[in-house]
$ cat my_file07.txt   # compact mmCIF, C-alpha atoms
# COMPACT_ATOMS: atom_id res chain seq x y z
CA MET Q 1 -5.89 -19.76 46.44
CA ALA Q 2 -6.15 -23.17 44.74
CA ASN Q 3 -9.92 -23.23 45.02
CA GLU Q 4 -10.25 -19.65 43.85
CA GLY Q 5 -8.35 -20.58 40.69
CA LEU Q 6 -10.89 -23.22 39.68
CA LEU Q 7 -13.74 -20.77 39.55
CA ARG Q 8 -14.53 -18.30 36.84
CA THR Q 9 -15.20 -15.00 38.46
CA ASP Q 10 -16.11 -11.52 37.38
CA GLU Q 11 -12.58 -10.59 38.33
CA CYS Q 12 -11.21 -13.12 35.86
CA ARG Q 13 -13.39 -11.60 33.13
CA ARG Q 14 -12.05 -8.18 34.00
CA PHE Q 15 -8.55 -9.62 33.92
CA ASP Q 16 -9.18 -10.95 30.41
CA ALA Q 17 -10.43 -7.58 29.27
CA GLU Q 18 -7.52 -5.64 30.72
CA LEU Q 19 -4.74 -8.10 29.94
CA GLY Q 20 -4.03 -6.84 26.41
CA PRO Q 21 -3.77 -3.17 27.35
CA TYR Q 22 -1.65 -4.10 30.39
CA LEU Q 23 0.84 -5.98 28.22
CA GLU Q 24 1.02 -2.94 25.95
CA GLY Q 25 2.16 -0.80 28.84
CA GLU Q 26 -1.12 0.78 29.81
CA GLY Q 27 -1.51 1.28 33.53
CA ARG Q 28 -3.82 -1.53 34.58
CA PRO Q 29 -2.83 -2.35 38.18
CA PHE Q 30 -5.75 -4.72 38.47
CA VAL Q 31 -4.06 -7.23 36.17
CA PRO Q 32 -0.97 -8.03 38.24
CA ALA Q 33 -2.96 -7.72 41.42
CA HIS Q 34 -5.50 -10.28 40.25
CA ALA Q 35 -2.75 -12.55 38.95
CA THR Q 36 -1.42 -12.89 42.49
CA GLN Q 37 -4.87 -14.06 43.62
CA CYS Q 38 -5.82 -16.41 40.78
CA ARG Q 39 -3.53 -19.25 39.76
CA PHE Q 40 -4.91 -19.56 36.24
CA CYS Q 41 -4.79 -15.89 35.44
CA GLU Q 42 -1.26 -15.88 36.82
CA VAL Q 43 -0.31 -18.62 34.34
CA VAL Q 44 -1.94 -16.79 31.45
CA LEU Q 45 -0.06 -13.61 32.28
CA ALA Q 46 3.23 -15.46 32.69
CA ASP Q 47 2.72 -17.31 29.39
CA LEU Q 48 2.00 -14.18 27.41
CA GLU Q 49 4.96 -12.37 28.92
CA ALA Q 50 7.15 -15.35 28.04
CA ILE Q 51 5.89 -15.32 24.44
CA ARG Q 52 6.54 -11.60 24.15
CA SER Q 53 10.10 -12.03 25.42
CA ALA Q 54 10.72 -15.04 23.22
CA GLY Q 55 9.65 -13.09 20.13
CA ARG Q 56 12.26 -10.42 20.81
CA ALA Q 57 14.92 -13.08 21.40
CA LEU Q 58 14.39 -15.05 18.20
CA PRO Q 59 17.72 -15.40 16.41
CA LEU Q 60 18.30 -14.02 12.94
CA GLU Q 61 18.68 -16.34 10.01
CA GLY Q 62 20.59 -15.75 6.83
CA PRO Q 63 19.71 -16.22 3.15
CA SER Q 64 21.66 -18.51 0.85
CA PRO Q 65 24.64 -17.09 -1.10
CA ALA Q 66 22.50 -17.22 -4.24
CA VAL Q 67 20.62 -14.14 -3.08
CA TRP Q 68 23.69 -11.89 -3.18
CA ALA Q 69 24.79 -13.48 -6.45
CA ASN Q 70 21.43 -12.58 -7.99
CA VAL Q 71 21.41 -9.08 -6.54
CA ARG Q 72 24.94 -8.50 -7.80
CA ALA Q 73 24.17 -9.84 -11.26
CA ASN Q 74 21.10 -7.61 -11.53
CA LEU Q 75 22.96 -4.53 -10.34
CA ARG Q 76 25.74 -5.19 -12.83
CA ALA Q 77 23.32 -5.74 -15.67
CA GLU Q 78 21.56 -2.48 -14.81
CA GLY Q 79 24.86 -0.63 -14.60
CA ILE Q 80 24.38 0.31 -10.94
CA ILE Q 81 27.52 -1.54 -9.89
CA HIS Q 82 30.61 -0.50 -11.77
CA GLU Q 83 33.09 -3.17 -12.68
CA PRO Q 84 35.96 -3.34 -10.18
CA VAL Q 85 39.06 -1.56 -11.44
CA SER Q 86 42.09 -3.84 -11.55
CA LEU Q 87 45.73 -2.82 -11.47
CA TRP Q 88 45.83 -3.35 -15.18
CA GLN Q 89 42.82 -1.14 -15.80
CA GLN Q 90 44.27 1.50 -13.49
CA TRP Q 91 47.39 1.49 -15.61
CA LEU Q 92 45.29 1.85 -18.73
CA GLY Q 93 43.33 4.61 -17.06
CA SER Q 94 46.51 6.59 -16.50
CA ASN Q 95 47.46 6.08 -20.12
CA GLY Q 96 44.82 8.08 -21.95
CA PHE Q 97 45.80 6.68 -25.27
CA LEU Q 98 44.12 3.29 -25.14
CA ARG Q 99 41.12 4.53 -23.29
CA THR Q 100 40.28 6.85 -26.15
CA HIS Q 101 41.53 4.73 -29.01
CA ALA Q 102 39.86 1.38 -28.49
CA PRO Q 103 38.94 0.91 -32.16
CA LEU Q 104 42.50 1.58 -33.14
CA GLY Q 105 43.59 -0.95 -30.56
CA ALA Q 106 41.47 -3.59 -32.22
CA LEU Q 107 43.04 -2.74 -35.55
CA THR Q 108 46.52 -2.98 -34.15
CA ALA Q 109 45.70 -6.35 -32.64
CA LEU Q 110 45.18 -7.61 -36.14
CA LEU Q 111 48.47 -6.07 -37.13
CA VAL Q 112 50.28 -8.01 -34.42
CA PHE Q 113 49.44 -11.19 -36.19
CA ALA Q 114 50.54 -9.71 -39.47
CA VAL Q 115 53.91 -8.81 -37.95
CA VAL Q 116 54.27 -12.25 -36.42
CA LEU Q 117 53.52 -13.87 -39.72
CA LEU Q 118 55.97 -11.64 -41.51
CA ASN Q 119 58.73 -12.36 -39.02
CA THR Q 120 58.00 -16.04 -38.99
CA SER Q 121 58.31 -16.29 -42.72
CA ARG Q 122 61.49 -14.17 -42.56
CA ARG Q 123 60.26 -11.99 -45.32
CA PRO Q 124 61.75 -8.52 -45.54
CA PRO Q 125 60.18 -6.22 -42.96
CA HIS Q 126 57.06 -4.68 -44.32
CA SER Q 127 56.62 -1.05 -43.44
CA PRO Q 128 53.17 -0.75 -42.00
CA GLY Q 129 53.45 2.97 -42.38
CA THR Q 130 52.65 2.56 -46.04
CA ASP Q 131 49.45 0.68 -45.29
CA PHE Q 132 48.45 2.45 -42.15
CA ALA Q 133 50.02 5.81 -42.56
CA GLY Q 134 47.00 7.57 -41.10
CA GLY Q 135 46.98 5.36 -38.05
CA GLU Q 136 50.66 5.77 -37.48
CA LYS Q 137 50.36 9.51 -37.67
CA VAL Q 138 47.53 9.53 -35.16
CA VAL Q 139 49.41 7.53 -32.58
CA SER Q 140 52.92 8.70 -33.18
CA ALA Q 141 52.72 11.49 -30.62
CA SER Q 142 51.80 9.25 -27.73
CA ILE Q 143 53.33 5.94 -28.70
CA GLY Q 144 55.85 4.28 -26.43
CA LEU Q 145 55.94 2.32 -23.26
CA PRO Q 146 57.10 4.75 -20.63
CA ASP Q 147 55.84 2.50 -17.81
CA GLN Q 148 56.84 -0.77 -19.36
CA GLN Q 149 58.37 -2.07 -16.17
CA GLN Q 150 55.23 -1.34 -14.21
CA LEU Q 151 53.18 -2.85 -16.99
CA GLU Q 152 55.18 -6.03 -16.98
CA THR Q 153 54.95 -6.21 -13.20
CA THR Q 154 51.16 -5.94 -13.40
CA LEU Q 155 51.04 -8.62 -16.06
CA LEU Q 156 53.24 -10.83 -13.97
CA GLU Q 157 50.84 -10.44 -11.03
CA LEU Q 158 47.90 -11.35 -13.22
CA GLU Q 159 49.74 -14.31 -14.65
CA THR Q 160 50.74 -15.52 -11.19
CA SER Q 161 47.10 -15.32 -10.07
CA PHE Q 162 46.03 -17.21 -13.15
CA ARG Q 163 48.62 -19.93 -12.59
CA ALA Q 164 47.47 -20.26 -8.99
CA ARG Q 165 43.88 -20.81 -10.04
CA GLU Q 166 44.15 -22.53 -13.40
CA ALA Q 167 43.65 -25.92 -11.78
CA THR Q 168 40.05 -24.97 -11.00
CA LEU Q 169 39.22 -24.25 -14.65
CA ASP Q 170 37.50 -26.65 -16.94
CA PRO Q 171 40.33 -28.54 -18.75
CA ALA Q 172 39.13 -27.55 -22.24
CA LEU Q 173 38.76 -23.92 -21.21
CA LYS Q 174 42.13 -23.97 -19.51
CA ALA Q 175 43.75 -25.39 -22.66
CA ALA Q 176 42.15 -22.63 -24.76
CA TYR Q 177 43.40 -19.93 -22.41
CA ILE Q 178 46.89 -21.40 -22.37
CA ARG Q 179 46.99 -21.62 -26.18
CA GLY Q 180 45.93 -17.97 -26.40
CA LEU Q 181 48.49 -16.91 -23.84
CA GLU Q 182 51.26 -18.82 -25.58
CA SER Q 183 50.39 -17.17 -28.87
CA LEU Q 184 50.42 -13.74 -27.25
CA ASN Q 185 53.70 -14.47 -25.47
CA GLU Q 186 55.17 -15.31 -28.84
CA SER Q 187 53.82 -12.03 -30.26
CA ILE Q 188 55.24 -10.10 -27.33
CA ARG Q 189 58.60 -11.75 -27.83
CA GLU Q 190 58.60 -10.94 -31.53
CA CYS Q 191 57.47 -7.35 -31.02
CA SER Q 192 59.96 -6.79 -28.24
CA GLU Q 193 62.71 -8.01 -30.51
CA SER Q 194 61.54 -5.61 -33.25
CA VAL Q 195 61.49 -2.70 -30.81
CA ARG Q 196 64.95 -3.65 -29.55
CA ARG Q 197 66.29 -3.69 -33.11
CA GLN Q 198 64.47 -0.53 -34.17
CA PRO Q 199 63.83 1.65 -31.12
CA GLU Q 200 62.44 4.38 -33.35
CA ASN Q 201 59.76 2.08 -34.75
CA THR Q 202 56.71 3.48 -32.99
CA LEU Q 203 54.34 1.13 -34.75
CA ALA Q 204 56.21 -1.89 -33.41
CA ARG Q 205 55.83 -0.42 -29.95
CA GLN Q 206 52.15 -0.06 -30.57
CA TYR Q 207 51.91 -3.71 -31.60
CA LEU Q 208 53.75 -4.63 -28.45
CA LEU Q 209 51.41 -2.60 -26.30
CA SER Q 210 48.44 -4.16 -28.02
CA ALA Q 211 49.80 -7.64 -27.36
CA TYR Q 212 50.25 -6.77 -23.70
CA THR Q 213 46.68 -5.45 -23.63
CA GLN Q 214 45.29 -8.63 -25.10
CA LYS Q 215 47.27 -10.76 -22.70
CA ALA Q 216 46.00 -8.77 -19.74
CA GLU Q 217 42.44 -9.02 -20.99
CA ILE Q 218 42.71 -12.77 -21.44
CA LEU Q 219 44.14 -13.18 -17.96
CA GLU Q 220 41.46 -11.02 -16.43
CA THR Q 221 38.74 -12.89 -18.27
CA ALA Q 222 40.15 -16.18 -17.04
CA LEU Q 223 40.35 -14.92 -13.46
CA GLU Q 224 36.85 -13.51 -13.58
CA PHE Q 225 35.50 -16.74 -15.04
CA ASP Q 226 37.19 -18.64 -12.26
CA ALA Q 227 35.78 -16.29 -9.63
CA HIS Q 228 32.26 -16.93 -10.92
CA MET M 1 35.51 1.19 22.90
CA SER M 2 32.32 2.11 24.72
CA PRO M 3 28.96 0.88 23.34
CA GLN M 4 28.06 4.45 22.37
CA ASN M 5 31.32 4.85 20.51
CA LYS M 6 30.78 1.53 18.77
CA VAL M 7 27.35 2.66 17.62
CA ALA M 8 28.78 5.97 16.40
CA ALA M 9 31.64 4.23 14.61
CA LYS M 10 29.21 1.85 12.96
CA ALA M 11 27.04 4.73 11.79
CA VAL M 12 30.04 6.58 10.34
CA SER M 13 31.24 3.43 8.66
CA GLU M 14 27.78 2.82 7.20
CA THR M 15 27.55 6.39 5.95
CA GLN M 16 30.86 5.90 4.16
CA LEU M 17 29.64 2.65 2.67
CA VAL M 18 26.49 4.33 1.43
CA ARG M 19 28.53 7.10 -0.19
CA ARG M 20 30.74 4.56 -1.90
CA ALA M 21 27.71 2.57 -3.02
CA GLN M 22 26.22 5.74 -4.46
CA LYS M 23 29.29 5.87 -6.69
CA GLY M 24 28.74 2.28 -7.82
CA ASP M 25 31.40 0.62 -5.65
CA GLU M 26 30.67 -3.10 -5.64
CA GLU M 27 32.49 -3.74 -2.38
CA ALA M 28 30.31 -1.17 -0.65
CA PHE M 29 27.14 -2.82 -1.96
CA ALA M 30 28.44 -6.19 -0.80
CA SER M 31 29.25 -4.83 2.66
CA LEU M 32 25.84 -3.24 3.05
CA PHE M 33 24.18 -6.47 1.96
CA GLU M 34 26.32 -8.47 4.37
CA ALA M 35 25.52 -6.15 7.27
CA HIS M 36 21.75 -6.28 6.81
CA LYS M 37 20.94 -9.52 5.02
CA ARG M 38 20.12 -11.51 8.14
CA ARG M 39 17.64 -9.07 9.54
CA VAL M 40 15.93 -8.52 6.19
CA TYR M 41 15.79 -12.23 5.43
CA SER M 42 14.51 -13.10 8.90
CA LEU M 43 11.79 -10.50 8.56
CA CYS M 44 10.77 -11.89 5.16
CA LEU M 45 10.90 -15.46 6.41
CA ARG M 46 8.76 -14.82 9.46
CA MET M 47 6.22 -12.76 7.58
CA THR M 48 5.81 -15.33 4.80
CA GLY M 49 6.69 -18.58 6.58
CA ASN M 50 8.37 -19.81 3.39
CA THR M 51 12.10 -19.90 2.73
CA ALA M 52 11.90 -19.63 -1.08
CA GLU M 53 9.56 -16.65 -0.91
CA ALA M 54 11.73 -15.11 1.79
CA GLU M 55 14.82 -15.34 -0.43
CA ASP M 56 12.98 -13.84 -3.39
CA LEU M 57 11.68 -11.00 -1.24
CA THR M 58 15.09 -10.38 0.32
CA GLN M 59 16.53 -10.10 -3.16
CA GLU M 60 13.75 -7.77 -4.25
CA ALA M 61 14.12 -5.57 -1.17
CA PHE M 62 17.87 -5.14 -1.67
CA LEU M 63 17.46 -4.53 -5.39
CA GLN M 64 14.88 -1.82 -4.76
CA LEU M 65 17.09 -0.30 -2.11
CA PHE M 66 20.23 -0.29 -4.24
CA ARG M 67 18.37 1.14 -7.21
CA LYS M 68 17.28 4.04 -5.04
CA ILE M 69 20.48 4.43 -3.08
CA SER M 70 21.52 7.52 -5.00
CA THR M 71 18.47 9.28 -3.52
CA PHE M 72 19.41 8.43 0.08
CA ARG M 73 20.30 11.67 1.85
CA GLY M 74 20.65 10.33 5.37
CA GLU M 75 17.56 11.97 6.87
CA SER M 76 16.87 8.66 8.64
CA ALA M 77 19.14 5.78 9.56
CA PHE M 78 20.01 3.61 6.62
CA SER M 79 18.83 0.51 8.46
CA THR M 80 15.47 2.13 9.20
CA TRP M 81 15.06 2.96 5.54
CA LEU M 82 16.01 -0.56 4.47
CA HIS M 83 13.76 -2.34 6.93
CA ARG M 84 10.77 -0.19 6.17
CA LEU M 85 11.32 -0.86 2.51
CA ALA M 86 11.61 -4.60 3.18
CA VAL M 87 8.35 -4.57 5.13
CA ASN M 88 6.63 -2.81 2.24
CA VAL M 89 8.03 -5.30 -0.25
CA VAL M 90 6.67 -8.20 1.82
CA LEU M 91 3.28 -6.58 2.36
CA MET M 92 2.98 -5.80 -1.33
CA HIS M 93 3.81 -9.40 -2.11
CA LEU M 94 1.23 -10.70 0.36
CA ARG M 95 -1.43 -8.41 -1.03
CA LYS M 96 -0.67 -9.58 -4.54
CA LYS M 97 -1.01 -13.15 -3.38
CA GLY M 98 -4.32 -12.30 -1.77
CA LEU M 99 -3.17 -13.58 1.57
CA GLN M 100 -4.24 -10.56 3.53
CA GLN M 101 -7.36 -12.43 4.55
CA ILE M 102 -7.60 -10.95 7.99
CA SER M 103 -8.04 -7.25 7.73
CA LEU M 104 -6.69 -5.22 10.56
CA ASP M 105 -9.80 -3.11 10.30
CA GLU M 106 -12.07 -5.88 11.48
CA PRO M 107 -14.15 -5.03 14.53
CA GLU M 108 -12.66 -5.34 17.97
CA THR M 109 -13.48 -8.81 19.25
CA SER M 110 -10.82 -9.59 21.79
CA GLN M 111 -13.17 -9.06 24.68
CA GLU M 112 -15.61 -11.56 23.23
CA GLU M 113 -13.06 -14.34 23.15
CA PRO M 114 -12.30 -15.71 26.58
CA VAL M 115 -8.77 -16.71 27.38
CA LYS M 116 -8.45 -20.48 27.23
CA ARG M 117 -7.51 -21.96 30.57
CA ASP M 118 -6.47 -25.48 31.40
CA TYR M 119 -7.71 -26.57 34.78
CA GLY M 120 -5.25 -28.53 36.79
CA ASP M 121 -2.47 -27.52 34.42
CA ASP M 122 -1.21 -24.49 36.20
CA ASP M 123 2.20 -25.96 36.95
CA ARG M 124 3.03 -26.32 33.26
CA ARG M 125 3.16 -22.74 32.22
CA LEU M 126 5.28 -21.70 29.26
CA LEU M 127 7.28 -19.28 31.34
CA GLY M 128 10.94 -19.76 30.61
CA SER M 129 10.27 -22.68 28.32
CA VAL M 130 9.10 -21.20 25.02
CA ASP M 131 11.42 -23.00 22.69
CA ARG M 132 12.57 -21.24 19.56
CA ILE M 133 11.57 -23.91 17.07
CA GLY M 134 8.13 -24.27 18.56
CA LEU M 135 7.59 -20.54 18.46
CA GLU M 136 8.85 -20.24 14.87
CA LYS M 137 6.47 -23.01 13.86
CA ALA M 138 3.58 -21.43 15.69
CA ILE M 139 4.28 -18.02 14.14
CA ALA M 140 4.22 -19.62 10.69
CA GLU M 141 0.81 -21.09 11.52
CA LEU M 142 -0.72 -17.77 12.54
CA PRO M 143 -3.27 -16.19 10.21
CA GLN M 144 -1.52 -13.62 8.05
CA GLY M 145 -2.92 -10.55 9.78
CA TYR M 146 -1.99 -11.76 13.26
CA ARG M 147 1.40 -12.91 12.03
CA THR M 148 2.25 -9.59 10.44
CA VAL M 149 1.49 -7.61 13.56
CA PHE M 150 3.21 -10.09 15.86
CA VAL M 151 6.36 -10.16 13.74
CA LEU M 152 6.48 -6.41 13.35
CA HIS M 153 5.86 -5.68 17.03
CA ASP M 154 7.18 -8.54 19.11
CA VAL M 155 10.01 -9.67 16.83
CA GLU M 156 11.06 -6.58 14.90
CA GLY M 157 10.31 -4.08 17.64
CA TYR M 158 8.05 -1.70 15.71
CA GLU M 159 5.74 0.50 17.78
CA HIS M 160 1.99 0.30 17.31
CA ASN M 161 1.82 3.75 15.74
CA GLU M 162 4.39 2.64 13.15
CA ILE M 163 2.48 -0.57 12.45
CA ALA M 164 -0.74 1.40 12.14
CA GLU M 165 0.95 3.62 9.56
CA ILE M 166 2.47 0.70 7.65
CA MET M 167 -0.73 -1.35 7.72
CA ASN M 168 -3.05 1.60 7.28
CA CYS M 169 -5.11 0.74 10.35
CA SER M 170 -5.74 2.21 13.77
CA VAL M 171 -3.38 1.85 16.72
CA GLY M 172 -6.18 0.14 18.63
CA ASN M 173 -6.58 -2.48 15.95
CA SER M 174 -2.88 -3.12 15.91
CA LYS M 175 -2.91 -3.69 19.68
CA SER M 176 -5.96 -5.89 19.47
CA GLN M 177 -4.46 -8.05 16.70
CA LEU M 178 -1.26 -8.41 18.65
CA HIS M 179 -3.06 -9.59 21.76
CA LYS M 180 -5.04 -12.12 19.76
CA ALA M 181 -1.88 -13.30 18.06
CA ARG M 182 -0.18 -13.89 21.41
CA LEU M 183 -3.20 -15.77 22.73
CA LYS M 184 -3.25 -17.95 19.61
CA LEU M 185 0.46 -18.66 19.99
CA ARG M 186 -0.02 -19.57 23.62
CA GLU M 187 -2.82 -21.95 22.76
CA TRP M 188 -0.75 -23.72 20.10
CA LEU M 189 2.40 -23.82 22.14
CA ARG M 190 0.54 -25.45 25.00
CA GLU M 191 -1.08 -27.95 22.65
CA ASP M 192 2.28 -28.67 21.12
CA ARG M 193 3.71 -29.21 24.56
CA ARG M 194 0.97 -31.62 25.46
CA ARG M 195 1.68 -33.61 22.32
CA THR M 196 5.43 -33.71 22.81
CA GLN M 197 5.42 -34.20 26.59
CA PRO M 198 2.38 -36.41 27.28
CA GLN M 199 4.00 -37.93 30.34
CA SER M 200 3.69 -34.66 32.20
CA LEU M 201 -0.10 -34.95 31.94
CA ALA M 202 0.01 -37.84 34.37
CA THR M 203 0.53 -35.37 37.17
CA SER M 204 -2.45 -33.28 36.11
CA ALA M 205 -5.18 -35.68 35.11
CA SER M 206 -7.99 -33.33 36.02
CA PRO M 207 -10.34 -32.37 33.19
CA GLN M 208 -9.37 -29.63 30.80
CA ASP M 209 -11.91 -27.05 29.98
CA GLU M 210 -12.43 -23.50 29.01
CA ARG M 211 -14.05 -20.94 31.06
$ encode --input "my_file07.txt" --output "structure tokens"
Amino acid sequence: MANEGLLRTDECRRFDAELGPYLEGEGRPFVPAHATQCRFCEVVLADLEAIRSAGRALPLEGPSPAVWANVRANLRAEGIIHEPVSLWQQWLGSNGFLRTHAPLGALTALLVFAVVLLNTSRRPPHSPGTDFAGGEKVVSASIGLPDQQQLETTLLELETSFRAREATLDPALKAAYIRGLESLNESIRECSESVRRQPENTLARQYLLSAYTQKAEILETALEFDAH
Amino acid sequence: MSPQNKVAAKAVSETQLVRRAQKGDEEAFASLFEAHKRRVYSLCLRMTGNTAEAEDLTQEAFLQLFRKISTFRGESAFSTWLHRLAVNVVLMHLRKKGLQQISLDEPETSQEEPVKRDYGDDDRRLLGSVDRIGLEKAIAELPQGYRTVFVLHDVEGYEHNEIAEIMNCSVGNSKSQLHKARLKLREWLREDRRRTQPQSLATSASPQDER
């Protein structure tokens, strides 16, 4: 057999010609038969079978995390991915008022500061109804905080998450967030006091709700920034 | 759970993920990406031989898929759809780069090229010793046409009729290119082995030649 292997024969040429089809599953009994007779053809056959098996067994490799980050950013920018709905947003979703009155919410946010300023300077309470009678009328039917406890619980959860992660924020950014939150906490305290003194004051309740909204938005922004 | 049940459970789970993704659920997109990223990236990497290109193409494949996900009706398996799309993305990229130098429609020549044989070297076959890194390197060195067919068939498990459809060539050409690719790989792997294990040549000092 050793001597046979050193010679190039017509059988070896036939082996070469039939090797490819044989490896692709075509019935070529000559190929394995010749391989048992010729050491070199046997090695060729064994090598190619080994390469075929090795190809199937190659392990998978993974891309860097940047790939998903880019895919996600693109999908968000194109509006294919919807923003995740947080507890806070779910609460807002169940309260149809804010969802449909965003511009009014922005207006009331400004009013919060006006109320704070008025209370701080201890000037006689200014009736916003005279300035914003239309707005008050629009919201009067749905004003109030029927789920205030749930709302405060949600805010507390957001605030706890923020506190847990604030150490990872850039110091300047963290200071800005904390200043904003402190200001809003002060507004909430003031508005809550107004509502406690005048439970029928629907506008004060609206200011309070707006302050809660802003606080939740700031907390969510901070958490999202941290997540990125 | 039996393997069949696992497969069924996975399919159901994937169908649910696709439905959620069709509604814009980010978690569902993330899960689908996580489940398939390795296979898509590996395909891109082996077809291009370049990690940066492979990442770009993986990103492009998933973006195209997710943009079209609302049209997915489940006529085929999601993974089949994704991988076919990924192959098309890579091929399109290669064509744009002008790398498709070796047409799969070139004339059949495999019978004209004799198999290289090393006399006196029969005891150093590759059988059982094709190392992964060497093979990856050799695949990356293959001419683009050979590489594409080898990766699709021997690595990804596509059938020749599928490759012929993807590459717009005949089944015979696909088979021929695959055989040539394997022969090329064998040649390089053996050369690589000679370089890295020269001491083993001492036992087989007889002249090397081709028939």
$ atom_distance --input "my_file07.txt" --atom1 "atom CA of Arg67 of chain M" --atom2 "atom CA of Asn50 of chain M"
25.5 Å
$ atom_distance --input "my_file07.txt" --atom1 "atom CA of Glu166 of chain Q" --atom2 "atom CA of Ile178 of chain Q"
9.4 Å
$ closest_residue --input "my_file07.txt" --among "M:Glu60, M:Glu75, M:Glu34, M:Glu27" --to "Met92 of chain M" --atoms "all atoms listed in the file"
M:Glu60
$ closest_residue --input "my_file07.txt" --among "M:Tyr158, M:Tyr146, M:Phe33, M:Tyr41" --to "Thr80 of chain M" --atoms "only C-alpha atoms"
M:Tyr158
$ residues_around --input "my_file07.txt" --residues "Ala138 of chain M" --least-positions-apart "4" --cutoff "7 Å" --atoms "all atoms listed in the file" --output "list of chain:residue names"
M:Gly134, M:Leu142, M:Leu185, M:Trp188, M:Leu189
$ closest_residue --input "my_file07.txt" --among "M:Arg84, M:Lys97, M:Arg193, M:Lys180" --to "Pro143 of chain M" --atoms "only C-alpha atoms"
M:Lys180
$ interface_residues --input "my_file07.txt" --of "chain Q" --to "chain M" --cutoff "7 Å" --atoms "only C-alpha atoms" --output "list of chain:residue names"
Q:Leu6, Q:Arg8, Q:Asp16, Q:Ala17, Q:Gly20, Q:Arg39, Q:Phe40, Q:Val43, Q:Ala46, Q:Asp47, Q:Leu48, Q:Ala50, Q:Ile51, Q:Arg52, Q:Ala54, Q:Gly55, Q:Arg56, Q:Leu58, Q:Leu60, Q:Glu61, Q:Gly62, Q:Pro63, Q:Val67, Q:Val71, Q:Ile80, Q:Ile81, Q:His82, Q:Pro84
$ atom_distance --input "my_file07.txt" --atom1 "atom CA of Leu17 of chain M" --atom2 "atom CA of Val90 of chain M"
25.4 Å
$ residues_near_point --input "my_file07.txt" --point "(-3.5, -13.9, 42.3)" --cutoff "12 Å" --atoms "only C-alpha atoms" --output "ChimeraX atom specification"
/Q:1-5,11-12,15,30-46
